[in-house]
$ cat data.cif   # mmCIF, C-alpha atoms and all ligand atoms
data_data
#
loop_
_atom_site.label_atom_id
_atom_site.label_comp_id
_atom_site.auth_asym_id
_atom_site.auth_seq_id
_atom_site.Cartn_x
_atom_site.Cartn_y
_atom_site.Cartn_z
CA MET A 1 -14.83 -15.27 30.11
CA THR A 2 -12.57 -16.54 27.28
CA ALA A 3 -10.12 -13.97 26.00
CA PRO A 4 -11.01 -12.96 22.42
CA LEU A 5 -9.08 -13.67 19.25
CA THR A 6 -7.65 -10.20 18.69
CA ILE A 7 -6.70 -8.57 15.40
CA ILE A 8 -4.70 -5.33 15.30
CA GLY A 9 -5.43 -3.35 12.12
CA SER A 10 -8.67 -2.89 10.17
CA GLY A 11 -7.22 -2.51 6.67
CA MET A 12 -8.03 -4.97 3.90
CA ALA A 13 -5.91 -7.63 5.67
CA GLY A 14 -7.42 -7.33 9.16
CA LEU A 15 -11.01 -6.93 7.96
CA GLY A 16 -10.55 -9.56 5.26
CA LEU A 17 -9.44 -12.02 7.93
CA VAL A 18 -12.38 -11.28 10.26
CA ARG A 19 -14.74 -11.77 7.35
CA GLN A 20 -13.21 -15.15 6.48
CA LEU A 21 -13.18 -16.20 10.14
CA ARG A 22 -16.85 -15.38 10.62
CA GLN A 23 -17.79 -17.63 7.72
CA LEU A 24 -16.00 -20.54 9.42
CA ASP A 25 -16.87 -19.77 13.05
CA PRO A 26 -20.03 -17.75 13.74
CA ALA A 27 -19.58 -17.73 17.52
CA ARG A 28 -15.95 -17.08 18.46
CA PRO A 29 -15.40 -13.81 20.37
CA MET A 30 -13.31 -11.46 18.22
CA THR A 31 -11.91 -8.00 18.85
CA LEU A 32 -10.58 -5.74 16.11
CA ILE A 33 -8.45 -2.80 17.23
CA THR A 34 -7.46 -0.01 14.86
CA ALA A 35 -5.60 3.27 15.11
CA ASP A 36 -7.77 4.78 12.33
CA SER A 37 -11.50 5.35 11.81
CA GLY A 38 -12.16 1.64 11.18
CA ASP A 39 -14.22 2.44 8.07
CA ASP A 40 -14.36 -0.42 5.59
CA TYR A 41 -12.82 1.02 2.44
CA SER A 42 -10.79 -0.22 -0.51
CA LYS A 43 -7.32 1.34 -0.32
CA PRO A 44 -6.70 1.00 -4.10
CA LEU A 45 -9.56 3.47 -4.67
CA LEU A 46 -7.64 6.24 -2.85
CA SER A 47 -5.67 6.94 -6.01
CA THR A 48 -8.76 7.11 -8.23
CA GLY A 49 -10.94 9.58 -6.29
CA PHE A 50 -9.43 12.99 -7.09
CA ALA A 51 -10.22 12.84 -10.81
CA LYS A 52 -13.90 12.58 -9.94
CA ARG A 53 -13.57 14.77 -6.83
CA LEU A 54 -15.11 11.96 -4.78
CA PRO A 55 -15.79 12.94 -1.18
CA PRO A 56 -14.22 10.52 1.36
CA SER A 57 -17.67 9.22 2.32
CA ARG A 58 -18.04 7.78 -1.20
CA LEU A 59 -14.92 5.64 -0.71
CA ALA A 60 -16.09 3.99 2.51
CA ALA A 61 -18.39 1.03 1.98
CA ARG A 62 -19.31 0.71 5.68
CA SER A 63 -18.62 2.53 8.94
CA ALA A 64 -16.84 0.80 11.84
CA LEU A 65 -20.20 0.47 13.60
CA GLU A 66 -21.71 -1.32 10.61
CA VAL A 67 -18.64 -3.56 10.42
CA ALA A 68 -18.99 -4.49 14.11
CA ASP A 69 -22.65 -5.28 13.56
CA GLU A 70 -22.16 -7.27 10.37
CA LEU A 71 -19.27 -9.34 11.73
CA ASP A 72 -20.45 -9.60 15.34
CA ALA A 73 -17.06 -8.40 16.57
CA VAL A 74 -15.95 -5.76 19.04
CA VAL A 75 -14.36 -2.96 16.97
CA ARG A 76 -12.27 -0.33 18.76
CA THR A 77 -11.44 2.65 16.55
CA HIS A 78 -8.87 5.45 16.94
CA THR A 79 -7.12 3.14 19.40
CA ARG A 80 -3.40 2.50 19.14
CA VAL A 81 -1.97 -0.66 20.68
CA GLU A 82 1.20 0.42 22.45
CA ALA A 83 2.69 -2.85 23.66
CA ILE A 84 2.23 -6.61 23.49
CA ASP A 85 3.19 -9.03 26.28
CA ALA A 86 3.57 -12.31 24.42
CA ALA A 87 4.18 -14.41 27.54
CA ALA A 88 1.17 -13.07 29.46
CA ARG A 89 -0.95 -12.90 26.25
CA THR A 90 -2.02 -9.32 26.89
CA LEU A 91 -1.76 -6.02 25.08
CA THR A 92 -1.62 -2.46 26.34
CA ILE A 93 -3.65 0.58 25.30
CA GLY A 94 -2.87 3.54 27.55
CA ALA A 95 -3.61 2.41 31.13
CA GLU A 96 -5.68 -0.56 29.91
CA THR A 97 -4.41 -4.14 29.70
CA LEU A 98 -6.46 -6.49 27.52
CA PRO A 99 -6.10 -10.27 27.33
CA TRP A 100 -6.06 -12.14 23.99
CA SER A 101 -6.28 -15.85 23.24
CA GLU A 102 -4.54 -15.53 19.89
CA LEU A 103 -3.23 -12.37 18.27
CA VAL A 104 -3.02 -11.33 14.63
CA LEU A 105 -0.92 -8.37 13.51
CA ALA A 106 -2.28 -6.64 10.40
CA THR A 107 -0.68 -3.26 11.04
CA GLY A 108 0.12 -2.52 7.39
CA ALA A 109 2.86 -0.23 6.10
CA ALA A 110 3.47 3.48 6.72
CA PRO A 111 4.77 6.13 4.31
CA ALA A 112 8.53 6.47 4.50
CA TRP A 113 9.50 10.14 4.32
CA PRO A 114 13.10 10.80 3.31
CA PHE A 115 13.17 14.15 5.13
CA THR A 116 12.03 15.82 8.35
CA LEU A 117 8.94 17.87 7.72
CA PRO A 118 9.66 21.62 8.04
CA GLU A 119 7.18 23.16 10.51
CA ALA A 120 6.53 26.24 8.31
CA VAL A 121 4.99 24.16 5.48
CA ALA A 122 3.69 21.15 7.44
CA GLU A 123 0.02 21.84 6.69
CA ARG A 124 0.69 21.80 2.93
CA ILE A 125 2.60 18.51 2.78
CA PHE A 126 0.65 15.24 2.62
CA SER A 127 0.90 11.55 2.05
CA VAL A 128 -2.25 9.56 1.29
CA ASN A 129 -2.11 6.06 2.71
CA ASP A 130 -5.53 5.66 4.33
CA LEU A 131 -8.99 7.15 4.25
CA ASP A 132 -8.17 9.70 6.97
CA ASP A 133 -5.23 10.93 4.86
CA TYR A 134 -7.49 11.10 1.80
CA ARG A 135 -9.97 13.16 3.84
CA ALA A 136 -7.25 15.66 4.82
CA PHE A 137 -5.90 16.02 1.26
CA HIS A 138 -9.41 16.30 -0.20
CA VAL A 139 -10.19 19.15 2.24
CA ALA A 140 -6.94 20.97 1.31
CA LEU A 141 -7.69 20.67 -2.43
CA GLU A 142 -11.29 21.82 -2.06
CA ALA A 143 -10.24 24.74 0.18
CA LEU A 144 -8.27 26.25 -2.71
CA GLY A 145 -11.48 26.64 -4.70
CA ARG A 146 -9.52 26.30 -7.97
CA PRO A 147 -7.32 23.69 -9.64
CA ALA A 148 -4.24 23.14 -7.47
CA ARG A 149 -0.56 23.09 -8.34
CA VAL A 150 0.56 19.80 -6.81
CA ALA A 151 4.15 18.60 -6.57
CA VAL A 152 4.24 14.82 -6.29
CA ILE A 153 7.49 13.52 -4.78
CA GLY A 154 8.23 9.96 -5.91
CA LEU A 155 7.21 8.14 -9.07
CA GLY A 156 6.63 4.60 -7.92
CA LEU A 157 3.19 3.02 -8.23
CA VAL A 158 1.56 5.28 -5.64
CA GLY A 159 3.14 8.52 -6.95
CA CYS A 160 2.28 7.72 -10.59
CA GLU A 161 -1.30 6.76 -9.78
CA PHE A 162 -1.90 9.95 -7.79
CA ALA A 163 -0.19 12.06 -10.48
CA ASN A 164 -2.43 10.59 -13.19
CA ASP A 165 -5.54 10.94 -11.04
CA LEU A 166 -4.82 14.55 -10.01
CA ALA A 167 -4.02 15.56 -13.60
CA ALA A 168 -7.29 13.96 -14.75
CA GLY A 169 -9.01 16.08 -12.08
CA GLY A 170 -7.67 19.25 -13.73
CA HIS A 171 -4.81 19.93 -11.32
CA ALA A 172 -1.34 21.01 -12.50
CA VAL A 173 1.06 18.22 -11.54
CA GLU A 174 4.86 18.26 -11.28
CA LEU A 175 6.66 15.01 -10.48
CA VAL A 176 10.02 14.86 -8.75
CA ALA A 177 12.16 11.74 -8.28
CA PRO A 178 15.82 10.72 -8.37
CA GLU A 179 15.28 7.82 -10.79
CA PRO A 180 15.52 8.34 -14.58
CA ALA A 181 11.98 7.12 -15.35
CA PRO A 182 8.65 6.29 -13.66
CA LEU A 183 7.95 2.92 -11.94
CA PRO A 184 11.63 2.03 -11.43
CA ARG A 185 10.92 -1.02 -9.24
CA LEU A 186 8.14 -2.41 -11.43
CA VAL A 187 9.16 -2.02 -15.09
CA PRO A 188 12.38 -1.65 -17.12
CA GLU A 189 13.40 1.90 -17.99
CA THR A 190 12.12 1.84 -21.60
CA LEU A 191 8.58 1.18 -20.38
CA GLY A 192 8.97 3.76 -17.60
CA HIS A 193 9.93 6.34 -20.24
CA ALA A 194 6.80 5.46 -22.23
CA LEU A 195 4.68 6.29 -19.18
CA GLY A 196 6.72 9.46 -18.61
CA GLU A 197 5.99 10.57 -22.20
CA ALA A 198 2.28 9.94 -21.75
CA PHE A 199 2.40 12.03 -18.55
CA ARG A 200 4.25 14.88 -20.31
CA GLU A 201 1.82 14.80 -23.20
CA ALA A 202 -1.01 15.25 -20.69
CA GLY A 203 0.66 18.44 -19.42
CA MET A 204 2.56 17.15 -16.38
CA ARG A 205 6.11 18.28 -15.76
CA LEU A 206 8.58 15.56 -14.81
CA HIS A 207 11.78 16.29 -12.90
CA THR A 208 13.47 12.89 -13.09
CA GLY A 209 17.03 12.36 -11.89
CA ARG A 210 16.42 15.08 -9.30
CA GLN A 211 16.49 14.93 -5.50
CA LEU A 212 14.33 17.08 -3.30
CA ALA A 213 16.64 19.63 -1.63
CA ARG A 214 14.28 21.87 0.39
CA LEU A 215 10.68 22.72 1.14
CA GLU A 216 10.03 26.34 2.12
CA ALA A 217 7.01 28.54 2.61
CA GLU A 218 6.25 30.76 -0.43
CA GLY A 219 3.20 32.99 0.00
CA ASP A 220 0.28 30.63 0.68
CA GLY A 221 2.14 27.78 -0.99
CA VAL A 222 5.41 25.88 -0.97
CA ALA A 223 8.67 26.38 -2.82
CA VAL A 224 10.00 22.93 -3.72
CA GLY A 225 13.77 23.21 -4.15
CA LEU A 226 15.61 20.60 -6.25
CA ASP A 227 19.25 19.53 -6.04
CA ASP A 228 20.12 21.32 -9.31
CA GLY A 229 19.08 24.65 -7.81
CA ALA A 230 15.67 24.77 -9.57
CA SER A 231 12.61 25.71 -7.52
CA LEU A 232 9.00 24.73 -8.25
CA SER A 233 5.99 26.59 -6.90
CA ALA A 234 3.22 24.38 -5.52
CA ASP A 235 0.06 24.85 -3.52
CA LEU A 236 0.35 21.35 -2.05
CA VAL A 237 2.98 18.62 -1.96
CA LEU A 238 2.13 14.91 -2.04
CA VAL A 239 4.90 12.66 -0.76
CA ALA A 240 4.94 9.15 -2.24
CA THR A 241 8.42 7.94 -1.48
CA GLY A 242 7.61 4.37 -0.49
CA LEU A 243 6.01 2.42 2.31
CA ARG A 244 7.70 0.61 5.23
CA PRO A 245 6.05 -2.27 7.10
CA ARG A 246 4.95 -1.11 10.58
CA THR A 247 7.05 -3.53 12.59
CA ALA A 248 7.87 -1.49 15.73
CA LEU A 249 5.12 -3.02 17.89
CA ALA A 250 6.08 -6.57 16.88
CA GLU A 251 9.77 -5.88 17.31
CA SER A 252 9.34 -4.56 20.84
CA ALA A 253 7.33 -7.69 21.67
CA GLY A 254 10.32 -9.82 20.64
CA LEU A 255 9.06 -11.06 17.23
CA THR A 256 11.56 -11.59 14.42
CA VAL A 257 11.31 -8.68 12.00
CA SER A 258 13.41 -7.06 9.27
CA GLN A 259 12.93 -4.15 6.86
CA ALA A 260 10.79 -6.53 4.78
CA GLY A 261 8.29 -6.96 7.62
CA ILE A 262 7.35 -9.37 10.41
CA HIS A 263 8.76 -12.75 9.45
CA THR A 264 6.21 -15.54 9.18
CA ASP A 265 6.12 -19.05 7.80
CA ARG A 266 3.58 -20.07 5.17
CA ARG A 267 0.97 -20.54 7.87
CA LEU A 268 1.44 -16.86 8.74
CA ALA A 269 2.87 -17.84 12.16
CA THR A 270 5.43 -15.40 13.53
CA SER A 271 8.45 -16.45 15.59
CA VAL A 272 6.33 -16.19 18.77
CA PRO A 273 3.65 -18.82 19.53
CA GLY A 274 0.07 -17.53 19.43
CA ILE A 275 0.90 -14.55 17.20
CA HIS A 276 0.26 -14.46 13.44
CA ALA A 277 0.74 -11.67 10.88
CA LEU A 278 -0.57 -10.90 7.39
CA GLY A 279 -0.93 -8.08 4.87
CA ASP A 280 1.59 -5.33 4.11
CA VAL A 281 3.32 -5.86 7.48
CA ALA A 282 4.08 -9.54 6.90
CA CYS A 283 7.05 -11.06 5.14
CA VAL A 284 5.75 -14.54 4.34
CA ASP A 285 8.50 -17.08 3.81
CA GLY A 286 10.73 -14.27 2.50
CA VAL A 287 8.08 -12.51 0.35
CA ASN A 288 6.29 -9.26 1.20
CA ALA A 289 4.13 -8.63 -1.87
CA MET A 290 2.30 -5.51 -0.55
CA TYR A 291 -0.79 -5.78 -2.72
CA VAL A 292 -4.31 -7.05 -2.42
CA GLN A 293 -4.39 -10.52 -4.00
CA PRO A 294 -1.66 -11.97 -1.71
CA LEU A 295 -3.27 -10.55 1.42
CA LEU A 296 -6.68 -11.96 0.52
CA ALA A 297 -5.11 -15.40 -0.05
CA SER A 298 -3.36 -15.02 3.33
CA ALA A 299 -6.64 -14.09 5.06
CA LYS A 300 -8.31 -17.22 3.65
CA ALA A 301 -5.48 -19.53 4.72
CA LEU A 302 -5.10 -17.97 8.17
CA ALA A 303 -8.84 -18.16 8.87
CA ARG A 304 -8.65 -21.91 8.26
CA THR A 305 -5.58 -22.28 10.46
CA LEU A 306 -7.20 -20.33 13.31
CA THR A 307 -10.32 -22.51 13.10
CA GLY A 308 -8.46 -25.78 13.41
CA THR A 309 -7.33 -26.64 9.86
CA PRO A 310 -3.65 -25.69 9.55
CA THR A 311 -3.31 -24.25 6.03
CA SER A 312 -0.28 -22.92 4.16
CA VAL A 313 -0.72 -19.96 1.85
CA ALA A 314 0.46 -19.95 -1.78
CA TYR A 315 0.63 -16.92 -4.09
CA GLY A 316 0.11 -17.35 -7.81
CA PRO A 317 1.84 -15.41 -10.61
CA TRP A 318 -0.37 -12.39 -9.90
CA PRO A 319 0.57 -9.23 -11.81
CA VAL A 320 0.11 -5.72 -10.42
CA LEU A 321 -2.23 -3.46 -12.41
CA VAL A 322 -1.06 0.16 -12.26
CA LYS A 323 -4.00 2.57 -12.43
CA THR A 324 -2.57 5.08 -14.88
CA PRO A 325 -5.29 5.44 -17.56
CA LEU A 326 -2.98 7.78 -19.54
CA LEU A 327 -0.97 4.62 -20.27
CA PRO A 328 -2.14 1.38 -18.62
CA VAL A 329 0.69 -0.65 -17.07
CA VAL A 330 0.72 -4.25 -15.83
CA ALA A 331 3.77 -5.78 -14.16
CA LEU A 332 4.91 -9.00 -12.59
CA PRO A 333 8.38 -8.01 -11.39
CA PRO A 334 10.85 -10.91 -11.27
CA ALA A 335 11.81 -12.11 -7.77
CA ARG A 336 15.52 -11.63 -8.60
CA ALA A 337 17.41 -9.60 -11.20
CA PRO A 338 16.83 -11.20 -14.62
CA ALA A 339 19.69 -12.24 -16.92
CA ARG A 340 18.03 -10.03 -19.55
CA TRP A 341 14.90 -8.06 -20.39
CA ARG A 342 13.60 -8.78 -23.89
CA ILE A 343 11.60 -5.77 -25.08
CA GLU A 344 9.15 -5.95 -28.00
CA GLY A 345 6.36 -3.81 -29.39
CA GLU A 346 5.83 -0.42 -30.98
CA GLY A 347 5.27 3.10 -29.73
CA ARG A 348 3.88 2.87 -26.23
CA ASP A 349 2.43 -0.63 -26.64
CA LEU A 350 5.38 -2.47 -25.15
CA ILE A 351 6.07 -5.97 -23.86
CA ALA A 352 9.10 -6.57 -21.64
CA LEU A 353 9.92 -10.18 -20.81
CA ALA A 354 12.31 -10.89 -17.92
CA GLU A 355 14.29 -14.05 -18.57
CA ASN A 356 16.76 -16.08 -16.52
CA GLU A 357 20.03 -17.56 -17.83
CA ALA A 358 18.12 -20.53 -19.27
CA GLY A 359 15.80 -18.22 -21.23
CA GLU A 360 12.81 -19.00 -18.98
CA LEU A 361 10.21 -16.32 -18.27
CA ILE A 362 10.53 -15.08 -14.66
CA GLY A 363 8.51 -11.87 -14.89
CA PHE A 364 7.10 -9.31 -17.30
CA ALA A 365 5.89 -5.76 -17.78
CA LEU A 366 3.33 -4.48 -20.29
CA THR A 367 2.20 -1.02 -21.36
CA GLY A 368 -0.62 0.39 -23.48
CA ARG A 369 -2.50 -2.09 -25.65
CA ALA A 370 0.00 -4.82 -24.72
CA VAL A 371 -1.65 -5.14 -21.28
CA ARG A 372 -4.11 -7.49 -23.01
CA ARG A 373 -1.43 -10.16 -22.85
CA LYS A 374 -1.36 -10.26 -19.04
CA VAL A 375 -3.37 -13.46 -18.59
CA GLU A 376 -1.43 -15.43 -21.18
CA LEU A 377 1.95 -14.30 -19.77
CA ALA A 378 0.93 -14.80 -16.13
CA ARG A 379 0.09 -18.41 -17.00
CA ALA A 380 3.67 -18.92 -18.21
CA ALA A 381 5.35 -17.13 -15.27
CA PRO A 382 6.42 -18.70 -11.96
CA PRO A 383 4.27 -18.13 -8.85
CA LEU A 384 5.22 -15.44 -6.34
CA LEU A 385 5.15 -18.00 -3.54
CA GLY A 386 4.63 -21.49 -4.92
P1 LIG B 401 -3.34 -1.09 5.97
O1 LIG B 401 -4.46 -0.81 5.07
O2 LIG B 401 -2.21 -0.12 6.04
O3 LIG B 401 -3.96 -1.26 7.42
C1 LIG B 401 -3.19 -1.23 8.58
C2 LIG B 401 -4.09 -1.08 9.77
O4 LIG B 401 -3.33 -1.22 10.97
C3 LIG B 401 -4.79 0.27 9.87
O5 LIG B 401 -6.12 0.04 10.26
C4 LIG B 401 -4.01 0.98 10.98
O6 LIG B 401 -4.78 1.94 11.64
C5 LIG B 401 -3.70 -0.20 11.89
N1 LIG B 401 -2.60 -0.03 12.85
C6 LIG B 401 -1.27 0.12 12.60
N2 LIG B 401 -0.57 0.17 13.75
C7 LIG B 401 -1.48 0.04 14.75
C8 LIG B 401 -1.41 0.01 16.18
N3 LIG B 401 -0.25 0.11 16.82
N4 LIG B 401 -2.55 -0.13 16.89
C9 LIG B 401 -3.75 -0.25 16.27
N5 LIG B 401 -3.87 -0.24 14.93
C10 LIG B 401 -2.77 -0.10 14.19
N6 LIG B 401 -2.95 -3.05 -4.26
C11 LIG B 401 -3.53 -3.72 -5.29
O7 LIG B 401 -3.54 -4.96 -5.28
N7 LIG B 401 -4.10 -3.05 -6.35
C12 LIG B 401 -4.11 -1.69 -6.40
O8 LIG B 401 -4.64 -1.11 -7.36
C13 LIG B 401 -3.53 -0.95 -5.32
N8 LIG B 401 -3.57 0.39 -5.30
C14 LIG B 401 -3.05 1.07 -4.23
C15 LIG B 401 -3.14 2.45 -4.22
C16 LIG B 401 -2.61 3.17 -3.15
C17 LIG B 401 -2.71 4.67 -3.15
C18 LIG B 401 -1.98 2.49 -2.07
C19 LIG B 401 -1.41 3.26 -0.91
C20 LIG B 401 -1.88 1.10 -2.08
C21 LIG B 401 -2.44 0.38 -3.15
N9 LIG B 401 -2.38 -1.02 -3.19
C22 LIG B 401 -2.94 -1.69 -4.24
C23 LIG B 401 -1.81 -1.79 -2.06
C24 LIG B 401 -2.93 -2.29 -1.14
O9 LIG B 401 -3.89 -1.29 -0.99
C25 LIG B 401 -2.33 -2.70 0.21
O10 LIG B 401 -1.50 -3.83 -0.03
C26 LIG B 401 -3.38 -3.09 1.26
O11 LIG B 401 -4.44 -2.16 1.33
C27 LIG B 401 -2.72 -3.25 2.63
O12 LIG B 401 -3.67 -3.59 3.59
P2 LIG B 401 -3.25 -3.88 5.11
O13 LIG B 401 -4.52 -4.23 5.81
O14 LIG B 401 -2.13 -4.85 5.16
O15 LIG B 401 -2.65 -2.51 5.66
#
$ encode --input "data.cif" --output "structure tokens" --more "lines below"
Ligand code: FAD
Amino acid sequence: MTAPLTIIGSGMAGLGLVRQLRQLDPARPMTLITADSGDDYSKPLLSTGFAKRLPPSRLAARSALEVADELDAVVRTHTRVEAIDAAARTLTIGAETLPWSELVLATGAAPAWPFTLPEAVAERIFSVNDLDDYRAFHVALEALGRPARVAVIGLGLVGCEFANDLAAGGHAVELVAPEPAPLPRLVPETLGHALGEAFREAGMRLHTGRQLARLEAEGDGVAVGLDDGASLSADLVLVATGLRPRTALAESAGLTVSQAGIHTDRRLATSVPGIHALGDVACVDGVNAMYVQPLLASAKALARTLTGTPTSVAYGPWPVLVKTPLLPVVALPPARAPARWRIEGEGRDLIALAENEAGELIGFALTGRAVRRKVELARAAPPLLG
């Protein structure tokens, strides 16, 4: 029997690839292995469900069983691949050794926690990076039977989206982060402050410029200690301090990796023959974009390559849409530090243009009503991976 084409990871990258592959090759044996439930869900919806108190089942479009049926693939759920033998073309799951013909790594990115979780409060501290995490946090919120006091640690895209969503759901939100303003890696500070103001106006409390110092049990909740000696009382803590590509498996198999992910060329080939990578775990020709449009383009290109038409991927000038209805934000961060940010607009309707030394547009950020200009500005900006 021919060894199957094997994909590790059933997130939007892994599933997106299988879907593209099936359109091009209805017969090839394929195995999809995933450490989670294997449900087909849209990760961006995780930070929109708490406002409407959506149960986890409403976020999953299909179960793993339905996915296996639809795509005529073997799907193994709650199964962690522990090792890859690139020379023998096998992988290991517990005592099992499985052969693969070609291997694709779509293992995503994991929350990076800047502290060791204290045992005494472990059951009240969460991060929400997949549907299983959403399930656990949803249960904890519902168990309170009243609006929760939630401390959100981190005010990047994920922290801000959850903060907005939880506040819209009636919960009392406090945000803690060392940076001076929200979305520090996506927008210049002036625009970050505009979002911060909109958050404050909606009743959230922001503790910017503050580090988390301790987490301690306090009655049924958590005391969140800050580095200035202040202490916040929370029922639950949501940690959103960044995501790191899950490269350990690839690294131990001898693939070239760095903090930016598994290194691939534009055909998504890793440094080891027969192994490709895509999605949040992949650093494609020096770029790890970590959002949906690039991974879907990668899935399309890789499906063609794996079915006999070698295809390079290109990313357009695709902006990120931050789901903060209190103040909509769109950003196309420049690939390198701009010579200057030119900021225009009034109130919270702001346009920030990142320019290089020659005055050319290399990125932008928009807030409020200015987000309408995203298409026009994206047309003038350079591609992420041209
Ligand atoms: P993941 O979804 O992380 O999937 C990784 C898979 O690998 C999982 O199935 C996991 O179980 C499996 N796995 C890992 N290690 C192993 C192993 N050893 N063995 C077996 N399986 C393994 N992007 C946008 O474009 N727009 C948005 O609005 C947006 N909103 C977002 C909101 C939130 C809250 C978050 C967290 C992200 C958001 N993103 C958004 C980013 C986007 O969702 C991700 O880029 C995308 O979902 C990543 O998909 P992936 O398949 O690469 O990784």
$ residues_near_ligand --input "data.cif" --ligand "ligand LIG 401 (chain B)" --cutoff "7 Å" --atoms "only C-alpha atoms and all ligand atoms" --output "number ranges by chain"
A: 8-14, 33-36, 38, 42-47, 79-82, 106-110, 128-130, 158, 246, 249, 278-281, 290-293, 295, 320-323
$ residues_around --input "data.cif" --residues "A:Ala177" --least-positions-apart "3" --cutoff "12 Å" --atoms "all atoms listed in the file" --output "count of residues only"
31
$ residues_around --input "data.cif" --residues "A:Pro334" --least-positions-apart "3" --cutoff "8 Å" --atoms "only C-alpha atoms" --output "compact mmCIF listing (two decimals) with C-alpha atoms, keeping the file's coordinate frame"
# COMPACT_ATOMS: atom_id res chain seq x y z
CA ALA A 337 17.41 -9.60 -11.20
CA PRO A 338 16.83 -11.20 -14.62
CA ALA A 354 12.31 -10.89 -17.92
CA ILE A 362 10.53 -15.08 -14.66
CA GLY A 363 8.51 -11.87 -14.89
CA PHE A 364 7.10 -9.31 -17.30
$ closest_residue --input "data.cif" --among "A:Asp349, A:Asp265, A:Glu70, A:Glu142" --to "A:Val284" --atoms "only C-alpha atoms"
A:Asp265
$ closest_residue --input "data.cif" --among "A:Thr97, A:Val18, A:Cys283, A:Leu131" --to "A:Ala61" --atoms "all atoms listed in the file"
A:Leu131
$ axis_aligned_box --input "data.cif" --around "stretch 273-278 of chain A" --padding-each-side "3 Å" --output "JSON"
{"center_x": 1.5, "center_y": -14.9, "center_z": 13.5, "size_x": 10.2, "size_y": 13.9, "size_z": 18.1}
$ residues_around --input "data.cif" --residues "A:Ile84" --least-positions-apart "5" --cutoff "10 Å" --atoms "all atoms listed in the file" --output "short mmCIF file (atom, residue, chain, number, x, y, z; two decimals) with C-alpha atoms, in the frame of the given file"
data_model
loop_
_atom_site.label_atom_id
_atom_site.label_comp_id
_atom_site.auth_asym_id
_atom_site.auth_seq_id
_atom_site.Cartn_x
_atom_site.Cartn_y
_atom_site.Cartn_z
CA ARG A 89 -0.95 -12.90 26.25
CA THR A 90 -2.02 -9.32 26.89
CA LEU A 91 -1.76 -6.02 25.08
CA THR A 92 -1.62 -2.46 26.34
CA ILE A 93 -3.65 0.58 25.30
CA THR A 97 -4.41 -4.14 29.70
CA LEU A 98 -6.46 -6.49 27.52
CA PRO A 99 -6.10 -10.27 27.33
CA TRP A 100 -6.06 -12.14 23.99
CA LEU A 103 -3.23 -12.37 18.27
CA LEU A 249 5.12 -3.02 17.89
CA ALA A 250 6.08 -6.57 16.88
CA GLU A 251 9.77 -5.88 17.31
CA SER A 252 9.34 -4.56 20.84
CA ALA A 253 7.33 -7.69 21.67
CA GLY A 254 10.32 -9.82 20.64
#
$ closest_residue --input "data.cif" --among "A:Ser101, A:Glu161, A:Leu15, A:Ala112" --to "A:Ala64" --atoms "all atoms listed in the file"
A:Leu15
$ residues_around --input "data.cif" --residues "A:Pro29" --least-positions-apart "5" --cutoff "8 Å" --atoms "only C-alpha atoms" --output "list in words"
Thr2, Ala3, Pro4, Leu5 and Ala73 of chain A
$ closest_residue --input "data.cif" --among "A:Ala339, A:Leu327, A:Ile7, A:Ala223" --to "A:Pro118" --atoms "all atoms listed in the file"
A:Ala223
$ build_atoms --input "data.cif" --residues "stretch 79-88 of chain A" --atoms "N, CA and C atoms" --output "PDB file, in the coordinates of the input"
ATOM      1  N   THR A  79      -7.740   3.746  18.223  1.00  0.00           N
ATOM      2  CA  THR A  79      -7.120   3.140  19.400  1.00  0.00           C
ATOM      3  C   THR A  79      -5.798   2.516  18.992  1.00  0.00           C
ATOM      4  N   ARG A  80      -4.720   3.015  19.530  1.00  0.00           N
ATOM      5  CA  ARG A  80      -3.400   2.500  19.140  1.00  0.00           C
ATOM      6  C   ARG A  80      -2.900   1.514  20.188  1.00  0.00           C
ATOM      7  N   VAL A  81      -2.565   0.313  19.771  1.00  0.00           N
ATOM      8  CA  VAL A  81      -1.970  -0.660  20.680  1.00  0.00           C
ATOM      9  C   VAL A  81      -0.516  -0.243  20.895  1.00  0.00           C
ATOM     10  N   GLU A  82      -0.143  -0.110  22.168  1.00  0.00           N
ATOM     11  CA  GLU A  82       1.200   0.420  22.450  1.00  0.00           C
ATOM     12  C   GLU A  82       2.216  -0.659  22.764  1.00  0.00           C
ATOM     13  N   ALA A  83       1.740  -1.786  23.312  1.00  0.00           N
ATOM     14  CA  ALA A  83       2.690  -2.850  23.660  1.00  0.00           C
ATOM     15  C   ALA A  83       1.976  -4.197  23.685  1.00  0.00           C
ATOM     16  N   ILE A  84       2.758  -5.245  23.450  1.00  0.00           N
ATOM     17  CA  ILE A  84       2.230  -6.610  23.490  1.00  0.00           C
ATOM     18  C   ILE A  84       3.105  -7.388  24.475  1.00  0.00           C
ATOM     19  N   ASP A  85       2.454  -8.117  25.403  1.00  0.00           N
ATOM     20  CA  ASP A  85       3.190  -9.030  26.280  1.00  0.00           C
ATOM     21  C   ASP A  85       2.878 -10.439  25.788  1.00  0.00           C
ATOM     22  N   ALA A  86       3.821 -11.018  25.057  1.00  0.00           N
ATOM     23  CA  ALA A  86       3.570 -12.310  24.420  1.00  0.00           C
ATOM     24  C   ALA A  86       3.453 -13.436  25.450  1.00  0.00           C
ATOM     25  N   ALA A  87       4.202 -13.344  26.531  1.00  0.00           N
ATOM     26  CA  ALA A  87       4.180 -14.410  27.540  1.00  0.00           C
ATOM     27  C   ALA A  87       2.858 -14.385  28.318  1.00  0.00           C
ATOM     28  N   ALA A  88       2.418 -13.186  28.688  1.00  0.00           N
ATOM     29  CA  ALA A  88       1.170 -13.070  29.460  1.00  0.00           C
ATOM     30  C   ALA A  88      -0.066 -13.078  28.561  1.00  0.00           C
TER      31      ALA A  88
END
